[in-house]
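Asker: So that you have it, the file is data.csv, and it contains CSV, C-alpha atoms:
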chain,number,residue,atom,x,y,z
A,1,MET,CA,-1.6,14.2,-19.7
A,2,LYS,CA,-3.3,16.8,-21.8
A,3,ALA,CA,-1.4,19.7,-23.3
A,4,GLU,CA,-3.1,22.2,-21.0
A,5,GLU,CA,-2.5,20.1,-17.9
A,6,LYS,CA,1.2,19.6,-18.9
A,7,GLN,CA,1.5,23.4,-19.4
A,8,LYS,CA,0.1,24.1,-15.9
A,9,PHE,CA,2.3,21.4,-14.4
A,10,GLU,CA,5.4,22.8,-16.1
A,11,GLU,CA,4.5,26.3,-14.8
A,12,ARG,CA,4.3,24.9,-11.2
A,13,ILE,CA,7.7,23.3,-11.6
A,14,ARG,CA,9.3,26.4,-13.1
A,15,ASN,CA,7.9,28.5,-10.1
A,16,SER,CA,9.4,26.0,-7.7
A,17,LEU,CA,12.8,26.1,-9.5
A,18,GLU,CA,12.7,29.9,-9.2
A,19,LYS,CA,12.5,29.5,-5.4
A,20,VAL,CA,15.7,27.4,-5.3
A,21,ARG,CA,17.6,29.3,-8.0
A,22,PRO,CA,18.9,32.1,-5.7
A,23,TYR,CA,20.6,29.5,-3.5
A,24,LEU,CA,22.4,27.9,-6.5
A,25,GLN,CA,23.3,31.3,-7.9
A,26,ALA,CA,24.8,32.4,-4.5
A,27,ASP,CA,27.4,29.7,-5.1
A,28,GLY,CA,28.0,30.6,-8.8
A,29,GLY,CA,25.6,28.0,-10.2
A,30,ASP,CA,22.2,27.8,-11.8
A,31,ILE,CA,19.6,25.3,-13.0
A,32,ARG,CA,17.6,24.9,-16.2
A,33,LEU,CA,14.5,22.8,-16.8
A,34,ILE,CA,15.1,20.4,-19.7
A,35,ASP,CA,12.1,18.1,-19.8
A,36,ILE,CA,9.3,16.6,-17.9
A,37,THR,CA,8.7,12.9,-18.8
A,38,ASP,CA,5.3,11.3,-19.0
A,39,ASP,CA,6.0,9.5,-15.8
A,40,LEU,CA,6.6,12.8,-14.0
A,41,VAL,CA,10.4,12.7,-13.8
A,42,VAL,CA,11.9,16.2,-14.0
A,43,LYS,CA,15.1,16.5,-16.0
A,44,VAL,CA,17.3,19.5,-15.3
A,45,GLU,CA,20.7,20.8,-16.3
A,46,LEU,CA,23.0,22.2,-13.6
A,47,THR,CA,25.1,25.0,-14.9
A,48,GLY,CA,27.9,27.3,-13.8
A,49,ALA,CA,29.7,26.2,-10.7
A,50,CYS,CA,27.1,23.4,-10.1
A,51,HIS,CA,28.1,21.6,-13.3
A,52,GLY,CA,30.8,19.1,-12.3
A,53,CYS,CA,30.8,20.1,-8.7
A,54,PRO,CA,31.4,17.0,-6.4
A,55,PHE,CA,28.4,18.1,-4.3
A,56,SER,CA,26.0,18.6,-7.2
A,57,ILE,CA,24.2,15.2,-6.7
A,58,GLN,CA,23.6,16.1,-3.0
A,59,THR,CA,22.4,19.5,-4.0
A,60,LEU,CA,20.1,18.0,-6.6
A,61,LYS,CA,18.6,15.4,-4.3
A,62,ALA,CA,18.6,17.1,-0.9
A,63,GLY,CA,17.9,20.5,-2.2
A,64,VAL,CA,16.2,20.8,-5.6
A,65,GLU,CA,14.3,17.5,-5.6
A,66,GLN,CA,13.0,18.0,-2.0
A,67,ALA,CA,11.8,21.5,-2.8
A,68,LEU,CA,10.2,20.4,-6.0
A,69,ILE,CA,8.4,17.5,-4.4
A,70,ARG,CA,7.2,19.8,-1.5
A,71,ASP,CA,5.8,22.3,-4.0
A,72,VAL,CA,4.6,19.8,-6.7
A,73,PRO,CA,3.9,16.5,-5.0
A,74,GLU,CA,3.2,14.7,-8.3
A,75,VAL,CA,6.9,14.9,-9.2
A,76,LYS,CA,8.5,11.4,-8.9
A,77,GLU,CA,12.1,12.3,-9.2
A,78,VAL,CA,14.5,15.0,-10.4
A,79,ILE,CA,17.5,14.0,-12.4
A,80,ALA,CA,20.4,16.0,-13.9
A,81,VAL,CA,21.1,15.4,-17.6
A,82,ASN,CA,24.6,16.7,-17.4
A,83,THR,CA,26.3,14.9,-14.6
Before we go any further, please render this structure as structure tokens.
Answerer:
Amino acid sequence: MKAEEKQKFEERIRNSLEKVRPYLQADGGDIRLIDITDDLVVKVELTGACHGCPFSIQTLKAGVEQALIRDVPEVKEVIAVNT
């Protein structure tokens, strides 16, 4: 992926994360984009109350990942780097 394409792709991902952020913040958590791999896996860090929460994997897969894939269908998977 060219640098310009990657930048646009990252912007789409960041915009999608901004849509889910209020839901995480409502429960005292937050999310931060860490990396996008060449094979389109998005790595994020769950922070605040989300870090270490027993439901964080469910939130990540059923909430964040589904929202990202809906907005950016090229995304293959979302993984948390801090769980």
Asker: Please, which residues in range 50-73 of chain A fall within 10 Å of range 6-13 of chain A when counting only C-alpha atoms, and what is the closest atom pair and distance in Å to one decimal for each, ordered by chain then residue number, as CSV?
Answerer:
residue,atom,partner,partner_atom,distance
A:Ala67,CA,A:Ile13,CA,9.9
A:Leu68,CA,A:Ile13,CA,6.8
A:Ile69,CA,A:Ile13,CA,9.3
A:Asp71,CA,A:Arg12,CA,7.8
A:Val72,CA,A:Ile13,CA,6.8
Asker: I need every residue sitting at most 9 Å from the point (0.0, 13.6, -20.8) (coordinates as in the file, only C-alpha atoms considered), written as a PDB file with C-alpha atoms, in the coordinates of the input.
Answerer:
ATOM      1  CA  MET A   1      -1.600  14.200 -19.700  1.00  0.00           C
ATOM      2  CA  LYS A   2      -3.300  16.800 -21.800  1.00  0.00           C
ATOM      3  CA  ALA A   3      -1.400  19.700 -23.300  1.00  0.00           C
ATOM      4  CA  GLU A   5      -2.500  20.100 -17.900  1.00  0.00           C
ATOM      5  CA  LYS A   6       1.200  19.600 -18.900  1.00  0.00           C
ATOM      6  CA  THR A  37       8.700  12.900 -18.800  1.00  0.00           C
ATOM      7  CA  ASP A  38       5.300  11.300 -19.000  1.00  0.00           C
ATOM      8  CA  ASP A  39       6.000   9.500 -15.800  1.00  0.00           C
TER       9      ASP A  39
END
Asker: Tell me which protein, DNA and RNA residues are within 9 Å of range 50-64 of chain A, counting all atoms listed in the file, leaving out same-chain ones fewer than 2 positions away, and put them as a PyMOL selection string.
Answerer: chain A and resi 16-17+20-21+24+27-31+45-48+66-69+77-80+82-83
Asker: Using Å and a single decimal, report how far CA of Ala49 in chain A sits from CA of Ala26 in chain A.
Answerer: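 For CA of Ala26 in chain A relative to CA of Ala49 in chain A, the distance reads 10.0 Å.
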Asker: How many Å lie between CA of Pro73 in chain A and CA of Gln25 in chain A, rounded to one decimal?
Answerer: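 Answer for the CA of Pro73 in chain A to CA of Gln25 in chain A separation: 24.6 Å.
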Asker: Between CA of Val75 in chain A and CA of Tyr23 in chain A, what is the distance, to one decimal in Å?
Answerer: 20.8 Å
Asker: Restricting the calculation to only C-alpha atoms, which member of A:Glu4, A:Asp35, A:Leu40, A:Asn15 is positioned closest to Glu74 in chain A?
Answerer: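 Among the listed residues, A:Leu40 lies closest to Glu74 in chain A.
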Asker: With N, CA and C atoms as the target, complete range 17-35 of chain A and hand it back as a PDB file, keeping the file's coordinate frame.
Answerer:
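Below is the file rebuild-v6.pdb, written as the result:
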ATOM      1  N   LEU A  17      11.325  25.956  -9.162  1.00  0.00           N
ATOM      2  CA  LEU A  17      12.800  26.100  -9.500  1.00  0.00           C
ATOM      3  C   LEU A  17      13.208  27.558  -9.211  1.00  0.00           C
ATOM      4  N   GLU A  18      12.335  28.511  -9.456  1.00  0.00           N
ATOM      5  CA  GLU A  18      12.700  29.900  -9.200  1.00  0.00           C
ATOM      6  C   GLU A  18      12.953  30.159  -7.711  1.00  0.00           C
ATOM      7  N   LYS A  19      12.318  29.381  -6.848  1.00  0.00           N
ATOM      8  CA  LYS A  19      12.500  29.500  -5.400  1.00  0.00           C
ATOM      9  C   LYS A  19      13.923  29.026  -4.991  1.00  0.00           C
ATOM     10  N   VAL A  20      14.427  27.974  -5.649  1.00  0.00           N
ATOM     11  CA  VAL A  20      15.700  27.400  -5.300  1.00  0.00           C
ATOM     12  C   VAL A  20      16.880  28.069  -6.045  1.00  0.00           C
ATOM     13  N   ARG A  21      16.561  28.692  -7.163  1.00  0.00           N
ATOM     14  CA  ARG A  21      17.600  29.300  -8.000  1.00  0.00           C
ATOM     15  C   ARG A  21      18.519  30.251  -7.261  1.00  0.00           C
ATOM     16  N   PRO A  22      18.017  31.153  -6.401  1.00  0.00           N
ATOM     17  CA  PRO A  22      18.900  32.100  -5.700  1.00  0.00           C
ATOM     18  C   PRO A  22      19.988  31.376  -4.863  1.00  0.00           C
ATOM     19  N   TYR A  23      19.647  30.234  -4.303  1.00  0.00           N
ATOM     20  CA  TYR A  23      20.600  29.500  -3.500  1.00  0.00           C
ATOM     21  C   TYR A  23      21.737  28.934  -4.370  1.00  0.00           C
ATOM     22  N   LEU A  24      21.370  28.454  -5.543  1.00  0.00           N
ATOM     23  CA  LEU A  24      22.400  27.900  -6.500  1.00  0.00           C
ATOM     24  C   LEU A  24      23.229  29.085  -7.024  1.00  0.00           C
ATOM     25  N   GLN A  25      22.592  30.194  -7.343  1.00  0.00           N
ATOM     26  CA  GLN A  25      23.300  31.300  -7.900  1.00  0.00           C
ATOM     27  C   GLN A  25      24.265  31.954  -6.864  1.00  0.00           C
ATOM     28  N   ALA A  26      23.927  31.850  -5.594  1.00  0.00           N
ATOM     29  CA  ALA A  26      24.800  32.400  -4.500  1.00  0.00           C
ATOM     30  C   ALA A  26      26.161  31.687  -4.544  1.00  0.00           C
ATOM     31  N   ASP A  27      26.188  30.446  -5.034  1.00  0.00           N
ATOM     32  CA  ASP A  27      27.400  29.700  -5.100  1.00  0.00           C
ATOM     33  C   ASP A  27      27.986  29.641  -6.542  1.00  0.00           C
ATOM     34  N   GLY A  28      27.448  30.488  -7.420  1.00  0.00           N
ATOM     35  CA  GLY A  28      28.000  30.600  -8.800  1.00  0.00           C
ATOM     36  C   GLY A  28      27.346  29.571  -9.748  1.00  0.00           C
ATOM     37  N   GLY A  29      26.256  28.939  -9.353  1.00  0.00           N
ATOM     38  CA  GLY A  29      25.600  28.000 -10.200  1.00  0.00           C
ATOM     39  C   GLY A  29      24.241  28.408 -10.668  1.00  0.00           C
ATOM     40  N   ASP A  30      23.578  27.524 -11.361  1.00  0.00           N
ATOM     41  CA  ASP A  30      22.200  27.800 -11.800  1.00  0.00           C
ATOM     42  C   ASP A  30      21.590  26.468 -12.242  1.00  0.00           C
ATOM     43  N   ILE A  31      20.320  26.525 -12.601  1.00  0.00           N
ATOM     44  CA  ILE A  31      19.600  25.300 -13.000  1.00  0.00           C
ATOM     45  C   ILE A  31      18.673  25.687 -14.155  1.00  0.00           C
ATOM     46  N   ARG A  32      18.481  24.715 -15.051  1.00  0.00           N
ATOM     47  CA  ARG A  32      17.600  24.900 -16.200  1.00  0.00           C
ATOM     48  C   ARG A  32      16.743  23.698 -16.399  1.00  0.00           C
ATOM     49  N   LEU A  33      15.445  23.916 -16.550  1.00  0.00           N
ATOM     50  CA  LEU A  33      14.500  22.800 -16.800  1.00  0.00           C
ATOM     51  C   LEU A  33      14.712  22.336 -18.234  1.00  0.00           C
ATOM     52  N   ILE A  34      14.916  21.030 -18.398  1.00  0.00           N
ATOM     53  CA  ILE A  34      15.100  20.400 -19.700  1.00  0.00           C
ATOM     54  C   ILE A  34      13.869  19.722 -20.197  1.00  0.00           C
ATOM     55  N   ASP A  35      13.281  18.891 -19.338  1.00  0.00           N
ATOM     56  CA  ASP A  35      12.100  18.100 -19.800  1.00  0.00           C
ATOM     57  C   ASP A  35      11.364  17.583 -18.574  1.00  0.00           C
TER      58      ASP A  35
END
